[in-house]
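Asker: You'll find model.cif just under this line, and it carries mmCIF, C-alpha atoms.
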data_model
#
loop_
_atom_site.label_atom_id
_atom_site.label_comp_id
_atom_site.auth_asym_id
_atom_site.auth_seq_id
_atom_site.Cartn_x
_atom_site.Cartn_y
_atom_site.Cartn_z
CA MET D 7 271.65 49.26 46.26
CA LEU D 8 270.41 46.65 43.84
CA VAL D 9 271.73 47.31 40.32
CA ALA D 10 270.78 44.06 38.56
CA ALA D 11 269.23 40.65 39.10
CA ALA D 12 268.86 37.39 37.23
CA VAL D 13 266.27 34.75 38.07
CA CYS D 14 266.93 31.12 37.10
CA PRO D 15 265.42 27.74 38.02
CA CYS D 16 267.59 25.29 39.92
CA PRO D 17 266.89 21.69 38.85
CA PRO D 18 270.06 19.57 38.83
CA LEU D 19 268.97 18.53 35.30
CA LEU D 20 270.21 21.93 34.18
CA VAL D 21 273.70 20.41 34.39
CA PRO D 22 274.29 18.29 31.25
CA GLU D 23 276.28 15.67 33.13
CA VAL D 24 273.27 15.09 35.38
CA ALA D 25 270.72 15.13 32.56
CA ALA D 26 272.87 12.71 30.50
CA GLY D 27 270.91 11.53 27.46
CA ALA D 28 268.09 13.99 28.13
CA ALA D 29 270.46 16.98 28.18
CA PRO D 30 269.42 18.44 24.77
CA GLU D 31 265.84 18.82 26.02
CA LEU D 32 266.91 21.73 28.24
CA ASP D 33 269.37 23.43 25.88
CA GLY D 34 267.05 26.42 25.49
CA LEU D 35 266.73 26.80 29.25
CA ARG D 36 270.50 26.58 29.75
CA ALA D 37 271.10 29.23 27.09
CA ALA D 38 268.58 31.58 28.72
CA CYS D 39 270.17 31.08 32.16
CA LEU D 40 273.65 31.79 30.82
CA ASP D 41 272.33 34.93 29.10
CA GLY D 42 270.78 36.10 32.35
CA VAL D 43 274.00 35.56 34.32
CA SER D 44 276.04 37.33 31.66
CA LEU D 45 273.79 40.39 31.94
CA LEU D 46 274.67 40.69 35.63
CA ALA D 47 278.31 41.37 34.79
CA ALA D 48 277.32 44.26 32.54
CA ALA D 49 275.93 46.10 35.58
CA ARG D 50 279.44 46.25 37.13
CA PRO D 51 278.35 45.17 40.63
CA ASP D 52 280.60 45.41 43.66
CA ARG D 53 279.21 42.12 44.94
CA LEU D 54 277.09 39.25 43.66
CA ILE D 55 274.78 37.51 46.11
CA VAL D 56 273.38 34.14 45.08
CA LEU D 57 270.07 33.11 46.67
CA GLY D 58 268.35 29.75 46.49
CA PRO D 59 266.00 27.51 48.45
CA ALA D 60 267.70 25.47 51.14
CA ALA D 61 266.81 23.28 54.09
CA PRO D 62 267.67 24.60 57.60
CA PRO D 63 271.16 23.06 57.90
CA GLY D 64 272.30 24.60 54.62
CA ARG D 65 271.34 28.27 54.68
CA GLY D 66 274.83 29.72 54.95
CA PRO D 67 276.11 32.27 54.34
CA TYR D 68 278.59 30.70 51.94
CA PRO D 69 281.79 32.54 51.03
CA GLN D 70 283.39 32.76 47.63
CA GLY D 71 285.03 29.46 46.79
CA ALA D 72 282.54 27.39 48.81
CA ALA D 73 282.32 23.89 47.37
CA GLY D 74 279.37 21.87 46.15
CA SER D 75 278.80 18.72 44.16
CA PHE D 76 276.19 16.65 42.36
CA ARG D 77 277.05 13.38 44.06
CA GLY D 78 273.64 13.46 45.71
CA VAL D 79 272.12 12.79 42.28
CA GLY D 80 274.73 10.21 41.32
CA VAL D 81 277.16 12.38 39.33
CA ASP D 82 280.81 12.83 40.36
CA LEU D 83 281.02 16.54 39.56
CA ASP D 84 282.36 19.26 41.85
CA VAL D 85 281.67 23.00 41.63
CA ARG D 86 282.77 26.14 43.46
CA LEU D 87 280.92 29.36 44.13
CA GLY D 88 282.97 31.79 42.10
CA ARG D 89 286.70 31.65 41.67
CA GLY D 90 288.91 30.71 44.55
CA GLY D 91 290.56 27.83 46.30
CA PRO D 92 289.12 25.55 48.97
CA ALA D 93 287.11 27.51 51.50
CA GLY D 94 286.17 24.69 53.86
CA GLY D 95 282.91 24.75 55.75
CA ARG D 96 279.58 23.30 54.70
CA GLU D 97 278.84 22.06 51.22
CA LEU D 98 276.57 24.18 49.05
CA PRO D 99 272.90 23.14 49.01
CA PRO D 100 271.66 21.86 45.63
CA SER D 101 270.19 25.17 44.47
CA LEU D 102 273.45 27.01 45.07
CA ALA D 103 275.45 24.19 43.48
CA VAL D 104 273.45 24.75 40.28
CA ALA D 105 274.16 28.48 40.57
CA ALA D 106 277.86 27.75 41.02
CA TRP D 107 277.78 25.63 37.87
CA LEU D 108 276.18 28.51 35.93
CA LEU D 109 278.78 30.97 37.20
CA GLY D 110 281.53 28.57 36.22
CA ARG D 111 280.12 28.23 32.71
CA THR D 112 280.14 32.00 32.25
CA GLY D 113 283.60 32.40 33.78
CA TRP D 114 282.23 34.83 36.37
CA ALA D 115 284.95 37.23 37.55
CA ALA D 116 283.04 40.52 37.65
CA ALA D 117 282.71 40.76 41.45
CA PRO D 118 283.12 38.77 44.68
CA VAL D 119 280.38 36.18 45.27
CA GLN D 120 278.43 35.22 48.38
CA GLY D 121 275.76 32.52 48.71
CA LEU D 122 272.69 32.48 50.94
CA GLY D 123 270.10 29.76 51.38
CA VAL D 124 266.47 30.78 51.90
CA GLY D 125 263.97 28.59 53.71
CA GLU D 126 261.01 27.66 51.53
CA GLU D 127 258.65 28.26 54.47
CA LEU D 128 259.96 31.77 55.27
CA GLU D 129 257.07 34.21 55.64
CA ALA D 130 256.68 36.87 52.96
CA GLU D 131 257.36 39.80 55.32
CA ARG D 132 260.61 38.22 56.51
CA CYS D 133 261.64 37.59 52.91
CA LEU D 134 260.96 41.21 52.01
CA ALA D 135 262.87 42.45 55.06
CA ALA D 136 265.84 40.25 54.17
CA GLY D 137 265.87 41.64 50.65
CA ARG D 138 265.76 45.23 51.87
CA GLU D 139 268.72 44.50 54.13
CA LEU D 140 270.73 43.00 51.27
CA ALA D 141 270.17 46.10 49.12
CA ALA D 142 270.77 48.67 51.86
CA GLY D 143 273.77 50.96 51.55
CA ASP D 144 275.78 52.34 48.67
CA GLU D 145 277.41 49.07 47.56
CA ARG D 146 276.35 48.03 44.06
CA VAL D 147 274.72 44.62 44.61
CA ALA D 148 273.60 42.12 41.98
CA LEU D 149 271.43 39.10 42.80
CA LEU D 150 271.33 35.69 41.15
CA VAL D 151 268.05 34.23 42.38
CA MET D 152 267.51 30.49 41.98
CA GLY D 153 264.12 28.84 42.30
CA ASP D 154 261.48 26.82 40.47
CA GLY D 155 257.80 27.48 39.91
CA SER D 156 255.05 24.99 40.64
CA ALA D 157 255.69 21.27 40.27
CA CYS D 158 252.07 20.44 39.49
CA ARG D 159 251.53 21.36 35.85
CA THR D 160 250.82 17.85 34.45
CA VAL D 161 249.82 14.41 35.69
CA LYS D 162 253.46 13.32 35.33
CA ALA D 163 254.80 16.26 37.34
CA PRO D 164 256.44 15.59 40.73
CA GLY D 165 253.33 16.95 42.48
CA TYR D 166 250.78 15.55 39.99
CA LEU D 167 248.30 17.86 38.24
CA ASP D 168 246.82 20.75 40.18
CA GLU D 169 244.57 23.17 38.28
CA ARG D 170 245.86 26.04 40.41
CA ALA D 171 249.43 25.57 39.20
CA GLU D 172 249.21 27.25 35.80
CA PRO D 173 247.54 30.44 37.09
CA PHE D 174 250.11 30.65 39.88
CA ASP D 175 252.99 30.24 37.43
CA THR D 176 251.46 32.76 35.03
CA ALA D 177 251.28 35.37 37.79
CA ALA D 178 254.83 34.62 38.95
CA ALA D 179 256.25 34.75 35.42
CA ARG D 180 254.49 38.04 34.72
CA ALA D 181 255.83 39.59 37.92
CA LEU D 182 259.37 38.35 37.30
CA GLY D 183 259.30 39.48 33.68
CA THR D 184 258.15 43.00 34.54
CA ALA D 185 260.17 43.47 37.75
CA ASP D 186 256.86 43.95 39.59
CA THR D 187 257.95 43.80 43.22
CA THR D 188 254.41 44.38 44.51
CA ALA D 189 253.07 41.38 42.60
CA LEU D 190 255.95 39.20 43.78
CA ALA D 191 255.36 40.24 47.37
CA ALA D 192 251.70 39.27 46.99
CA LEU D 193 252.38 35.66 45.96
CA ASP D 194 250.51 33.33 48.32
CA ALA D 195 253.08 31.45 50.43
CA GLU D 196 250.65 28.71 51.45
CA LEU D 197 249.55 28.09 47.87
CA ALA D 198 253.18 28.08 46.72
CA TYR D 199 253.96 25.42 49.31
CA GLU D 200 251.01 23.28 48.22
CA LEU D 201 252.14 23.59 44.59
CA LYS D 202 255.77 22.79 45.53
CA ALA D 203 256.94 26.14 44.10
CA ALA D 204 260.38 26.32 45.71
CA GLY D 205 261.18 29.72 44.20
CA ARG D 206 258.54 31.71 46.09
CA ALA D 207 260.70 32.70 49.07
CA PRO D 208 263.83 33.65 47.06
CA TRP D 209 261.63 35.64 44.65
CA GLN D 210 260.16 37.56 47.57
CA VAL D 211 263.66 38.33 48.89
CA LEU D 212 264.31 39.76 45.42
CA ALA D 213 261.10 41.77 45.71
CA GLY D 214 262.32 43.37 48.93
CA ALA D 215 265.72 44.16 47.44
CA GLY D 216 264.17 45.68 44.33
CA GLU D 217 261.44 47.80 45.93
CA SER D 218 263.11 51.15 45.29
CA ALA D 219 265.70 50.12 42.71
CA GLY D 220 263.75 51.28 39.66
CA LEU D 221 264.79 48.27 37.59
CA THR D 222 263.01 46.99 34.49
CA GLY D 223 262.52 43.31 33.75
CA GLU D 224 262.65 40.96 30.80
CA LEU D 225 261.34 37.39 30.72
CA LEU D 226 263.84 35.21 28.87
CA TYR D 227 262.20 31.79 29.38
CA ASP D 228 258.81 30.52 30.53
CA GLU D 229 258.12 26.83 30.03
CA ALA D 230 257.09 23.81 32.09
CA PRO D 231 259.16 20.82 30.96
CA TYR D 232 258.48 17.74 33.09
CA GLY D 233 255.44 19.57 34.53
CA VAL D 234 257.56 22.06 36.52
CA GLY D 235 257.44 25.81 35.91
CA TYR D 236 260.85 27.17 34.94
CA PHE D 237 261.35 30.91 34.48
CA VAL D 238 264.40 32.97 33.55
CA ALA D 239 264.26 36.73 33.97
CA ALA D 240 266.72 39.59 33.92
CA TRP D 241 266.32 42.86 35.83
CA SER D 242 268.46 45.84 34.92
#
Spit out the file's structure as structure tokens when you get a sec.
Answerer:
Amino acid sequence: MLVAAAVCPCPPLLVPEVAAGAAPELDGLRAACLDGVSLLAAARPDRLIVLGPAAPPGRGPYPQGAAGSFRGVGVDLDVRLGRGGPAGGRELPPSLAVAAWLLGRTGWAAAPVQGLGVGEELEAERCLAAGRELAAGDERVALLVMGDGSACRTVKAPGYLDERAEPFDTAAARALGTADTTALAALDAELAYELKAAGRAPWQVLAGAGESAGLTGELLYDEAPYGVGYFVAAWS
């Protein structure tokens, strides 16, 4: 059963070493993410599952201790998914590497950790079914769900300006902040793809997991720096 969830964006810029001189610009976002992760520990889960968008070769699952890095963005920084020694296997995809960095910053030791990549193109019904499967049974499960909103909020955004982006992000933020699984399930997958909203599929996995959990939500952050929608939410 799902006992808690935290939703965070996953830009590598969240890591100060990657952001370099621009790091202070995202201090508020980092603080909100760390608060969200810390709230997961308070739920005393038996297991933490980390979800994030990933391309087909990198969907896992990834065991505790799986390694990742930020060398792909030019920074010699290694991370591990939870505590543990070398686990071998495939390297974490970027979204899960950011999650691993967050867990490391909070000193996560509350429960074993597992990582799963979610394809951005995964249909809503399959996302919901995957979430229901993750939450099935008596085990107390917490989710750390990584994913960004639209990347089309301004003319300087990665996807340029699209007038549909702000309404999409507003609906997503409202659903995440109120733990509204029905509204999350209703997010338009095709529109999300056009707006480069990489979080849609992981959010809909969360929606499936949370359908009968009776959790309440709180929106901790809702901004669009660099023209990309970033949301942090906590469900408990």
Asker: Using the chain letters and residue numbers of this document, give as a list in words the residues selected by the PyMOL selection byres ((chain D and resi 200-202) around 7).
Answerer: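 Output from the PyMOL selection byres ((chain D and resi 200-202) around 7), applied to this file: Ser156, Ala157, Cys158, Ala171, Glu196, Leu197, Ala198, Tyr199, Ala203 and Ala204 of chain D.
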Asker: Please produce a file of the residues just selected, as a compact mmCIF listing (two decimals), in the frame of the given file, where the atoms kept are C-alpha atoms.
Answerer:
# COMPACT_ATOMS: atom_id res chain seq x y z
CA SER D 156 255.05 24.99 40.64
CA ALA D 157 255.69 21.27 40.27
CA CYS D 158 252.07 20.44 39.49
CA ALA D 171 249.43 25.57 39.20
CA GLU D 196 250.65 28.71 51.45
CA LEU D 197 249.55 28.09 47.87
CA ALA D 198 253.18 28.08 46.72
CA TYR D 199 253.96 25.42 49.31
CA ALA D 203 256.94 26.14 44.10
CA ALA D 204 260.38 26.32 45.71
Asker: Excluding Gly113 in chain D and any residue of its chain fewer than 4 positions from it, enumerate the residues within 12 Å of it, using all atoms listed in the file, and give them as a PDB file with C-alpha atoms, keeping the file's coordinate frame.
Answerer:
ATOM      1  CA  LEU D  40     273.650  31.790  30.820  1.00  0.00           C
ATOM      2  CA  VAL D  43     274.000  35.560  34.320  1.00  0.00           C
ATOM      3  CA  SER D  44     276.040  37.330  31.660  1.00  0.00           C
ATOM      4  CA  ALA D  47     278.310  41.370  34.790  1.00  0.00           C
ATOM      5  CA  ARG D  86     282.770  26.140  43.460  1.00  0.00           C
ATOM      6  CA  LEU D  87     280.920  29.360  44.130  1.00  0.00           C
ATOM      7  CA  GLY D  88     282.970  31.790  42.100  1.00  0.00           C
ATOM      8  CA  ARG D  89     286.700  31.650  41.670  1.00  0.00           C
ATOM      9  CA  ALA D 106     277.860  27.750  41.020  1.00  0.00           C
ATOM     10  CA  TRP D 107     277.780  25.630  37.870  1.00  0.00           C
ATOM     11  CA  LEU D 108     276.180  28.510  35.930  1.00  0.00           C
ATOM     12  CA  LEU D 109     278.780  30.970  37.200  1.00  0.00           C
ATOM     13  CA  ALA D 117     282.710  40.760  41.450  1.00  0.00           C
TER      14      ALA D 117
END
Asker: Which residue is closest to Glu126 in chain D? Choose from D:Gln210, D:Ser75, D:Gln70, D:Thr184 and count only C-alpha atoms.
Answerer: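 Closest to Glu126 in chain D, using only C-alpha atoms: D:Gln210.
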Asker: Find the residue from D:Val9, D:Leu226, D:Leu20, D:Ala130 that sits nearest to Leu190 in chain D; use all atoms listed in the file when measuring.
Answerer: D:Ala130
Asker: For a quick check of understanding, using all atoms listed in the file, which of D:Asp41, D:Asp194, D:Asp84, D:Glu217 has the smallest distance to Arg138 in chain D?
Answerer: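 Selected residue with least distance to Arg138 in chain D: D:Glu217.
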Asker: Using the chain letters and numbers from the file, which residues does the PyMOL selection byres ((chain D and resi 38) around 12) grab, as a VMD selection string?
Answerer: chain D and resid 12 to 15 20 32 to 37 39 to 45 108 224 to 229 236 to 240
Asker: Near Ala148 in chain D, within 8 Å and counting only C-alpha atoms, which residues show up once chain neighbours fewer than 6 positions away are dropped, as a PyMOL selection string?
Answerer: chain D and resi 8-11+46+49+51-55
Asker: Using all atoms listed in the file, which of D:Ala189, D:Ala26, D:Leu98, D:Ala61 sits nearest Gly74 in chain D?
Answerer: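 Going through D:Ala189, D:Ala26, D:Leu98, D:Ala61 one by one, the smallest distance to Gly74 in chain D is for D:Leu98.
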Asker: To one decimal place, how far is CA of Arg50 in chain D from CA of Ala135 in chain D in Å?
Answerer: 24.7 Å
Asker: Please, what distance in Å, to one decimal, runs between CA of Ala207 in chain D and CA of Cys133 in chain D?
Answerer: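 Spanning CA of Ala207 in chain D to CA of Cys133 in chain D is a straight-line distance of 6.3 Å.
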Asker: So, counting only C-alpha atoms, which residue among D:Trp241, D:Tyr68, D:Trp114, D:Tyr232 is closest to Thr160 in chain D?
Answerer: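 Once distances to Thr160 in chain D are computed over only C-alpha atoms, the minimum belongs to D:Tyr232.
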Asker: Where does range 27-130 of chain D meet range 149-155 of chain D within 8 Å, residue by residue, with the nearest atom pair and distance in Å to one decimal for each, counting all atoms listed in the file, listed by chain and rising number, as a tab-separated table?
Answerer:
residue	atom	partner	partner_atom	distance
D:Val43	CA	D:Leu150	CA	7.3
D:Leu54	CA	D:Leu149	CA	5.7
D:Ile55	CA	D:Leu149	CA	5.0
D:Val56	CA	D:Leu150	CA	4.7
D:Leu57	CA	D:Val151	CA	4.9
D:Gly58	CA	D:Met152	CA	4.6
D:Pro59	CA	D:Gly153	CA	6.6
D:Ser101	CA	D:Met152	CA	6.5
D:Leu102	CA	D:Met152	CA	7.5
D:Ala105	CA	D:Met152	CA	7.1
Asker: Point out the residue among D:Ala25, D:Ala163, D:Ala115, D:Ala48 with the least atom-to-atom distance to Gly233 in chain D, counting all atoms listed in the file.
Answerer: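 Smallest distance to Gly233 in chain D is found for D:Ala163.
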Asker: One decimal, in Å: what's the spacing between CA of Leu182 in chain D and CA of Gly214 in chain D?
Answerer: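 Going from CA of Leu182 in chain D over to CA of Gly214 in chain D, I get 13.0 Å.
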Asker: Once you add 5 Å to each side, what are the centre and edge lengths of the axis-aligned box holding all listed atoms of range 71-90 of chain D? One decimal in Å, as AutoDock Vina command-line options, if you can.
Answerer:
--center_x 280.5 --center_y 21.0 --center_z 44.1 --size_x 26.8 --size_y 31.6 --size_z 19.5
Asker: Atoms are missing here; could range 144-157 of chain D be completed with N, CA, C and O atoms and written as a PDB file, in the frame of the given file?
Answerer:
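Contents of the output file rebuild-v5.pdb:
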ATOM      1  N   ASP D 144     275.329  51.827  49.958  1.00  0.00           N
ATOM      2  CA  ASP D 144     275.780  52.340  48.670  1.00  0.00           C
ATOM      3  C   ASP D 144     276.457  51.292  47.793  1.00  0.00           C
ATOM      4  O   ASP D 144     276.727  51.551  46.621  1.00  0.00           O
ATOM      5  N   GLU D 145     276.761  50.125  48.344  1.00  0.00           N
ATOM      6  CA  GLU D 145     277.410  49.070  47.560  1.00  0.00           C
ATOM      7  C   GLU D 145     276.509  48.634  46.411  1.00  0.00           C
ATOM      8  O   GLU D 145     275.300  48.455  46.587  1.00  0.00           O
ATOM      9  N   ARG D 146     277.106  48.480  45.233  1.00  0.00           N
ATOM     10  CA  ARG D 146     276.350  48.030  44.060  1.00  0.00           C
ATOM     11  C   ARG D 146     276.213  46.504  44.137  1.00  0.00           C
ATOM     12  O   ARG D 146     277.196  45.772  43.961  1.00  0.00           O
ATOM     13  N   VAL D 147     275.003  46.041  44.391  1.00  0.00           N
ATOM     14  CA  VAL D 147     274.720  44.620  44.610  1.00  0.00           C
ATOM     15  C   VAL D 147     273.951  44.058  43.426  1.00  0.00           C
ATOM     16  O   VAL D 147     273.001  44.669  42.935  1.00  0.00           O
ATOM     17  N   ALA D 148     274.359  42.894  42.958  1.00  0.00           N
ATOM     18  CA  ALA D 148     273.600  42.120  41.980  1.00  0.00           C
ATOM     19  C   ALA D 148     273.139  40.830  42.639  1.00  0.00           C
ATOM     20  O   ALA D 148     273.831  40.297  43.518  1.00  0.00           O
ATOM     21  N   LEU D 149     271.979  40.337  42.243  1.00  0.00           N
ATOM     22  CA  LEU D 149     271.430  39.100  42.800  1.00  0.00           C
ATOM     23  C   LEU D 149     271.261  38.064  41.694  1.00  0.00           C
ATOM     24  O   LEU D 149     270.747  38.388  40.615  1.00  0.00           O
ATOM     25  N   LEU D 150     271.672  36.855  41.970  1.00  0.00           N
ATOM     26  CA  LEU D 150     271.330  35.690  41.150  1.00  0.00           C
ATOM     27  C   LEU D 150     270.382  34.855  41.989  1.00  0.00           C
ATOM     28  O   LEU D 150     270.770  34.303  43.021  1.00  0.00           O
ATOM     29  N   VAL D 151     269.124  34.812  41.567  1.00  0.00           N
ATOM     30  CA  VAL D 151     268.050  34.230  42.380  1.00  0.00           C
ATOM     31  C   VAL D 151     267.606  32.915  41.752  1.00  0.00           C
ATOM     32  O   VAL D 151     267.063  32.888  40.644  1.00  0.00           O
ATOM     33  N   MET D 152     267.822  31.823  42.469  1.00  0.00           N
ATOM     34  CA  MET D 152     267.510  30.490  41.980  1.00  0.00           C
ATOM     35  C   MET D 152     266.191  30.012  42.580  1.00  0.00           C
ATOM     36  O   MET D 152     265.934  30.217  43.771  1.00  0.00           O
ATOM     37  N   GLY D 153     265.355  29.385  41.765  1.00  0.00           N
ATOM     38  CA  GLY D 153     264.120  28.840  42.300  1.00  0.00           C
ATOM     39  C   GLY D 153     263.146  28.429  41.219  1.00  0.00           C
ATOM     40  O   GLY D 153     263.045  29.095  40.187  1.00  0.00           O
ATOM     41  N   ASP D 154     262.428  27.348  41.445  1.00  0.00           N
ATOM     42  CA  ASP D 154     261.480  26.820  40.470  1.00  0.00           C
ATOM     43  C   ASP D 154     260.061  27.294  40.777  1.00  0.00           C
ATOM     44  O   ASP D 154     259.729  27.656  41.906  1.00  0.00           O
ATOM     45  N   GLY D 155     259.224  27.250  39.744  1.00  0.00           N
ATOM     46  CA  GLY D 155     257.800  27.480  39.910  1.00  0.00           C
ATOM     47  C   GLY D 155     257.100  26.230  40.406  1.00  0.00           C
ATOM     48  O   GLY D 155     257.717  25.341  41.016  1.00  0.00           O
ATOM     49  N   SER D 156     255.824  26.123  40.144  1.00  0.00           N
ATOM     50  CA  SER D 156     255.050  24.990  40.640  1.00  0.00           C
ATOM     51  C   SER D 156     255.545  23.680  40.029  1.00  0.00           C
ATOM     52  O   SER D 156     256.114  23.648  38.939  1.00  0.00           O
ATOM     53  N   ALA D 157     255.330  22.598  40.760  1.00  0.00           N
ATOM     54  CA  ALA D 157     255.690  21.270  40.270  1.00  0.00           C
ATOM     55  C   ALA D 157     254.435  20.429  40.077  1.00  0.00           C
ATOM     56  O   ALA D 157     254.424  19.222  40.336  1.00  0.00           O
TER      57      ALA D 157
END
